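Shown next, in structure tokens, is the structure this report addresses.
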Amino acid sequence: MSSSFERYQKRRLISSYFSVIISISLVLFLLGILGILVLNTKKVADHFKEQIALTVFLKDTAKEVEIDQLEKSLALADYTKSTRFISKEDAAKQHSEEIGENFMDFLGYNPLQNSIDVFFNADYVSETQIAEISRDLSQKDFVDDVVYDKPLIALLNDNVKRISFWILVVSGIFLFIAVLLINSSIRLSVYSKRFTIKTMQMVGATKGFIRRPFIWKSVRLGVIGAILALGGMAAVLYYVNQSFPELNLLADRNLLIALFAAVFLIGIIISWISTFFATQRFLNLQTDELYY
């Protein structure tokens, strides 16, 4: 009978430890994913900003040397990430492929113009800076028109600020929830041993002596949960980086190492603090209060 009861108690104990590990790992995993989002919000925003192009349409009278000089000066400018010259012939070919027929057969001539697409460095993608660059380019005699999507730039900058703010808010809220969930799981684990704690206290064991094995056990569970969470984070990070290599998520390795270390330490620290206060609570209870 006693051996059957011991097996039952052992199964309950293993189940309790398993639930604590799963709770810690899931919470830390989600917290780590939010951390990755926070660290890469600017990088993702910069990626989209650098897809916005300003198109410089050139007059048919523009000389080749003028076009070459303009392209070189744009390529060397601080605000430029890259440039792309599109001849009127290439533009006509692309347009014909898009509409599915050769429009020049109907018109008898090519109405399109030579152009240069300018892609900006992310820091220069703002309404005022691009408007100023557009004015400077428009003043050149051989430039016919300068076109860019002004509403898209305003919308993108507003959305980036809004999304960055809410990611920080959600991360703060989730950190608080993470502390509560891990603390609740560990308190339930300690609660199952409340009579053992009180028995040890009644035979003269000090509070520090009683707390020590519980704290070390919780810290070990926190380490296991953190390792599982870090493994999940690494898998997600690898998959996203393979799917979207242009984001280059693994470029700043020091920052990622710091994030992984922070998640690992959070798992240990929360486990330690939660166990300390949970055991302290039962140590301060009277014997008859343990039944409530």
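Ligands are numbered from 1 in the order shown, residues from 1 within each chain, and chains are lettered A, B, ... in the order they appear in the structure tokens.
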
Select from range 70-100 of chain A every residue with an atom at most 9 Å from any atom of range 109-128 of chain A, then for each give the shortest pair of atoms and their distance in Å to one decimal, using only C-alpha atoms, rows by chain and rising number, as a tab-separated table.
residue	atom	partner	partner_atom	distance
A:Glu71	CA	A:Ile116	CA	7.4
A:Leu74	CA	A:Val118	CA	7.6
A:Ala75	CA	A:Val118	CA	8.4
A:Asp78	CA	A:Asn121	CA	8.0
A:Tyr79	CA	A:Asn121	CA	5.5
A:Thr80	CA	A:Phe120	CA	4.6
A:Lys81	CA	A:Phe120	CA	5.0
A:Ser82	CA	A:Phe119	CA	5.3
A:Thr83	CA	A:Val118	CA	4.7
A:Arg84	CA	A:Asp117	CA	5.0
A:Phe85	CA	A:Ile116	CA	4.4
A:Ile86	CA	A:Ser115	CA	5.3
A:Ser87	CA	A:Asn114	CA	4.5
A:Lys88	CA	A:Asn114	CA	4.6
A:Glu89	CA	A:Asn110	CA	7.8
A:Asp90	CA	A:Asn114	CA	8.8
A:Ala91	CA	A:Leu112	CA	7.0
A:Ala92	CA	A:Leu112	CA	6.7

Could you write those residues out with N, CA and C atoms, as a PDB file, in the first residue's frame?
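Output below, filename result-v3.pdb:
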ATOM      1  N   GLU A  71      23.441  60.559 -62.720  1.00  0.00           N
ATOM      2  CA  GLU A  71      23.391  59.237 -62.097  1.00  0.00           C
ATOM      3  C   GLU A  71      24.545  59.040 -61.115  1.00  0.00           C
ATOM      4  N   LEU A  74      23.970  61.218 -57.982  1.00  0.00           N
ATOM      5  CA  LEU A  74      22.943  60.611 -57.130  1.00  0.00           C
ATOM      6  C   LEU A  74      23.495  59.394 -56.385  1.00  0.00           C
ATOM      7  N   ALA A  75      24.298  58.595 -57.074  1.00  0.00           N
ATOM      8  CA  ALA A  75      24.866  57.392 -56.453  1.00  0.00           C
ATOM      9  C   ALA A  75      25.802  57.751 -55.298  1.00  0.00           C
ATOM     10  N   ASP A  78      24.675  61.226 -49.953  1.00  0.00           N
ATOM     11  CA  ASP A  78      24.514  60.569 -48.655  1.00  0.00           C
ATOM     12  C   ASP A  78      23.146  59.915 -48.511  1.00  0.00           C
ATOM     13  N   TYR A  79      22.144  60.501 -49.138  1.00  0.00           N
ATOM     14  CA  TYR A  79      20.786  60.003 -48.957  1.00  0.00           C
ATOM     15  C   TYR A  79      20.459  58.799 -49.841  1.00  0.00           C
ATOM     16  N   THR A  80      21.348  58.450 -50.761  1.00  0.00           N
ATOM     17  CA  THR A  80      21.056  57.397 -51.732  1.00  0.00           C
ATOM     18  C   THR A  80      21.549  56.032 -51.275  1.00  0.00           C
ATOM     19  N   LYS A  81      20.651  55.069 -51.364  1.00  0.00           N
ATOM     20  CA  LYS A  81      21.041  53.678 -51.126  1.00  0.00           C
ATOM     21  C   LYS A  81      21.431  53.016 -52.448  1.00  0.00           C
ATOM     22  N   SER A  82      20.633  53.259 -53.486  1.00  0.00           N
ATOM     23  CA  SER A  82      20.938  52.720 -54.811  1.00  0.00           C
ATOM     24  C   SER A  82      20.171  53.511 -55.875  1.00  0.00           C
ATOM     25  N   THR A  83      20.651  53.418 -57.114  1.00  0.00           N
ATOM     26  CA  THR A  83      19.968  54.057 -58.235  1.00  0.00           C
ATOM     27  C   THR A  83      19.788  53.032 -59.357  1.00  0.00           C
ATOM     28  N   ARG A  84      18.820  53.312 -60.225  1.00  0.00           N
ATOM     29  CA  ARG A  84      18.578  52.403 -61.339  1.00  0.00           C
ATOM     30  C   ARG A  84      18.118  53.219 -62.547  1.00  0.00           C
ATOM     31  N   PHE A  85      18.908  53.168 -63.620  1.00  0.00           N
ATOM     32  CA  PHE A  85      18.546  53.869 -64.850  1.00  0.00           C
ATOM     33  C   PHE A  85      17.654  52.955 -65.696  1.00  0.00           C
ATOM     34  N   ILE A  86      16.533  53.495 -66.132  1.00  0.00           N
ATOM     35  CA  ILE A  86      15.608  52.744 -66.990  1.00  0.00           C
ATOM     36  C   ILE A  86      15.436  53.522 -68.294  1.00  0.00           C
ATOM     37  N   SER A  87      15.903  52.948 -69.369  1.00  0.00           N
ATOM     38  CA  SER A  87      15.761  53.603 -70.673  1.00  0.00           C
ATOM     39  C   SER A  87      14.311  53.543 -71.127  1.00  0.00           C
ATOM     40  N   LYS A  88      13.942  54.429 -72.045  1.00  0.00           N
ATOM     41  CA  LYS A  88      12.576  54.453 -72.540  1.00  0.00           C
ATOM     42  C   LYS A  88      12.215  53.152 -73.250  1.00  0.00           C
ATOM     43  N   GLU A  89      13.213  52.495 -73.862  1.00  0.00           N
ATOM     44  CA  GLU A  89      12.973  51.213 -74.524  1.00  0.00           C
ATOM     45  C   GLU A  89      12.630  50.127 -73.496  1.00  0.00           C
ATOM     46  N   ASP A  90      13.436  50.094 -72.392  1.00  0.00           N
ATOM     47  CA  ASP A  90      13.162  49.105 -71.340  1.00  0.00           C
ATOM     48  C   ASP A  90      11.815  49.381 -70.679  1.00  0.00           C
ATOM     49  N   ALA A  91      11.497  50.658 -70.480  1.00  0.00           N
ATOM     50  CA  ALA A  91      10.214  51.019 -69.873  1.00  0.00           C
ATOM     51  C   ALA A  91       9.055  50.567 -70.754  1.00  0.00           C
ATOM     52  N   ALA A  92       9.213  50.740 -72.070  1.00  0.00           N
ATOM     53  CA  ALA A  92       8.162  50.316 -73.004  1.00  0.00           C
ATOM     54  C   ALA A  92       7.986  48.805 -72.975  1.00  0.00           C
TER      55      ALA A  92
END

Could you build a table of the residues in range 125-237 of chain A lying no more than 12 Å from range 253-260 of chain A, giving for each the nearest pair of atoms and their separation in Å rounded to one decimal place, using only C-alpha atoms, ordered by chain and ascending residue number, as a tab-separated table?
residue	atom	partner	partner_atom	distance
A:Ala226	CA	A:Phe260	CA	9.3
A:Ile227	CA	A:Phe260	CA	9.6
A:Leu228	CA	A:Phe260	CA	11.7
A:Ala229	CA	A:Phe260	CA	9.4
A:Leu230	CA	A:Phe260	CA	6.6
A:Gly231	CA	A:Phe260	CA	9.9
A:Gly232	CA	A:Phe260	CA	11.2
A:Met233	CA	A:Phe260	CA	8.5
A:Ala234	CA	A:Phe260	CA	9.1
A:Leu237	CA	A:Leu256	CA	10.0

Counting only C-alpha atoms, the option among A:Val65, A:Val190, A:Leu155, A:Ile224 closest to Ile268 in chain A: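 Going through A:Val65, A:Val190, A:Leu155, A:Ile224 one by one, the smallest distance to Ile268 in chain A is for A:Ile224.
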
As an exercise, work out the distance from CA of Asn248 in chain A to CA of Gly35 in chain A in Å and give it to one decimal place.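 So the answer is 16.3 Å.
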
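The residues of range 109-271 of chain A that DSSP classifies as strand (DSSP E or B), using the backbone of this structure, are Ser115, Ile116, Asp117, Val118, Phe119, Phe120, Val143, Asp144, Asp145, Val146 and Val147 of chain A.
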
Give me a file of those residues, with N, CA, C and O atoms, as a PDB file, in the first residue's frame.
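part-v8.pdb, freshly written:
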ATOM      1  N   SER A 115      14.419  57.384 -67.462  1.00  0.00           N
ATOM      2  CA  SER A 115      14.217  57.767 -66.057  1.00  0.00           C
ATOM      3  C   SER A 115      15.293  57.148 -65.173  1.00  0.00           C
ATOM      4  O   SER A 115      15.967  56.178 -65.557  1.00  0.00           O
ATOM      5  N   ILE A 116      15.420  57.714 -63.982  1.00  0.00           N
ATOM      6  CA  ILE A 116      16.332  57.192 -62.962  1.00  0.00           C
ATOM      7  C   ILE A 116      15.529  57.003 -61.676  1.00  0.00           C
ATOM      8  O   ILE A 116      14.919  57.956 -61.178  1.00  0.00           O
ATOM      9  N   ASP A 117      15.500  55.782 -61.182  1.00  0.00           N
ATOM     10  CA  ASP A 117      14.865  55.502 -59.889  1.00  0.00           C
ATOM     11  C   ASP A 117      15.902  55.659 -58.786  1.00  0.00           C
ATOM     12  O   ASP A 117      17.000  55.086 -58.864  1.00  0.00           O
ATOM     13  N   VAL A 118      15.550  56.432 -57.769  1.00  0.00           N
ATOM     14  CA  VAL A 118      16.449  56.669 -56.636  1.00  0.00           C
ATOM     15  C   VAL A 118      15.830  56.034 -55.390  1.00  0.00           C
ATOM     16  O   VAL A 118      14.708  56.366 -55.014  1.00  0.00           O
ATOM     17  N   PHE A 119      16.566  55.117 -54.777  1.00  0.00           N
ATOM     18  CA  PHE A 119      16.134  54.475 -53.535  1.00  0.00           C
ATOM     19  C   PHE A 119      16.953  55.073 -52.389  1.00  0.00           C
ATOM     20  O   PHE A 119      18.182  55.143 -52.465  1.00  0.00           O
ATOM     21  N   PHE A 120      16.273  55.491 -51.327  1.00  0.00           N
ATOM     22  CA  PHE A 120      16.900  56.256 -50.257  1.00  0.00           C
ATOM     23  C   PHE A 120      17.343  55.380 -49.090  1.00  0.00           C
ATOM     24  O   PHE A 120      16.764  54.316 -48.839  1.00  0.00           O
ATOM     25  N   VAL A 143      15.833  67.753 -66.699  1.00  0.00           N
ATOM     26  CA  VAL A 143      14.875  66.947 -65.940  1.00  0.00           C
ATOM     27  C   VAL A 143      13.465  67.422 -66.259  1.00  0.00           C
ATOM     28  O   VAL A 143      13.148  68.608 -66.105  1.00  0.00           O
ATOM     29  N   ASP A 144      12.612  66.526 -66.702  1.00  0.00           N
ATOM     30  CA  ASP A 144      11.243  66.881 -67.073  1.00  0.00           C
ATOM     31  C   ASP A 144      10.305  66.871 -65.862  1.00  0.00           C
ATOM     32  O   ASP A 144       9.482  67.755 -65.697  1.00  0.00           O
ATOM     33  N   ASP A 145      10.455  65.855 -65.011  1.00  0.00           N
ATOM     34  CA  ASP A 145       9.558  65.751 -63.849  1.00  0.00           C
ATOM     35  C   ASP A 145      10.197  64.847 -62.805  1.00  0.00           C
ATOM     36  O   ASP A 145      11.042  63.992 -63.127  1.00  0.00           O
ATOM     37  N   VAL A 146       9.797  65.060 -61.551  1.00  0.00           N
ATOM     38  CA  VAL A 146      10.250  64.212 -60.437  1.00  0.00           C
ATOM     39  C   VAL A 146       9.001  63.724 -59.712  1.00  0.00           C
ATOM     40  O   VAL A 146       8.169  64.531 -59.277  1.00  0.00           O
ATOM     41  N   VAL A 147       8.878  62.411 -59.575  1.00  0.00           N
ATOM     42  CA  VAL A 147       7.661  61.819 -59.011  1.00  0.00           C
ATOM     43  C   VAL A 147       8.014  60.894 -57.854  1.00  0.00           C
ATOM     44  O   VAL A 147       8.973  60.116 -57.936  1.00  0.00           O
TER      45      VAL A 147
END

Please extract the residues of range 73-169 of chain A with a backbone DSSP assignment of alpha helix (DSSP H) and present them as a ChimeraX atom specification. /A:73-76,88-99,104-107,127-138,150-169

When distances are computed from only C-alpha atoms, which of A:Leu34, A:Leu156, A:Val56, A:Ile273 shows the smallest separation from Ile215 in chain A?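 The closest residue to Ile215 in chain A is A:Ile273.
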
With distances taken over only C-alpha atoms, which residue among A:Ile163, A:Leu221, A:Met202, A:Leu175 lies nearest Phe29 in chain A?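 Closest to Phe29 in chain A of all the choices is A:Leu175.
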
Need the shell around Glu246 in chain A: protein/DNA/RNA residues with any atom at most 10 Å away, counting only C-alpha atoms. Skip same-chain ones fewer than 5 positions apart. Format as a ChimeraX atom specification? /A:44,47,241

Distance in Å - CA of Ile22 in chain A versus CA of Lys217 in chain A: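 A separation of 15.0 Å between them.
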
Which one is closest to Val27 in chain A: A:Leu168, A:Val160, A:Val263, A:Ala131? Count only C-alpha atoms. A:Val263

Give me, as number ranges by chain, all polymer residues having an atom no more than 10 Å from Leu37 in chain A, counting only C-alpha atoms and skipping those fewer than 5 positions away in the same chain. A: 31-32, 42-44, 164, 167-168, 171

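Considering only C-alpha atoms, the residue among A:Phe57, A:Phe48, A:Tyr238, A:Phe276 positioned nearest to Gly208 in chain A is A:Phe276.
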
Which is closer to Lys193 in chain A than all the others in A:Ile21, A:Ile266, A:Ala278, A:Ala77, using only C-alpha atoms?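 For Lys193 in chain A, the nearest of the given residues is A:Ala278.
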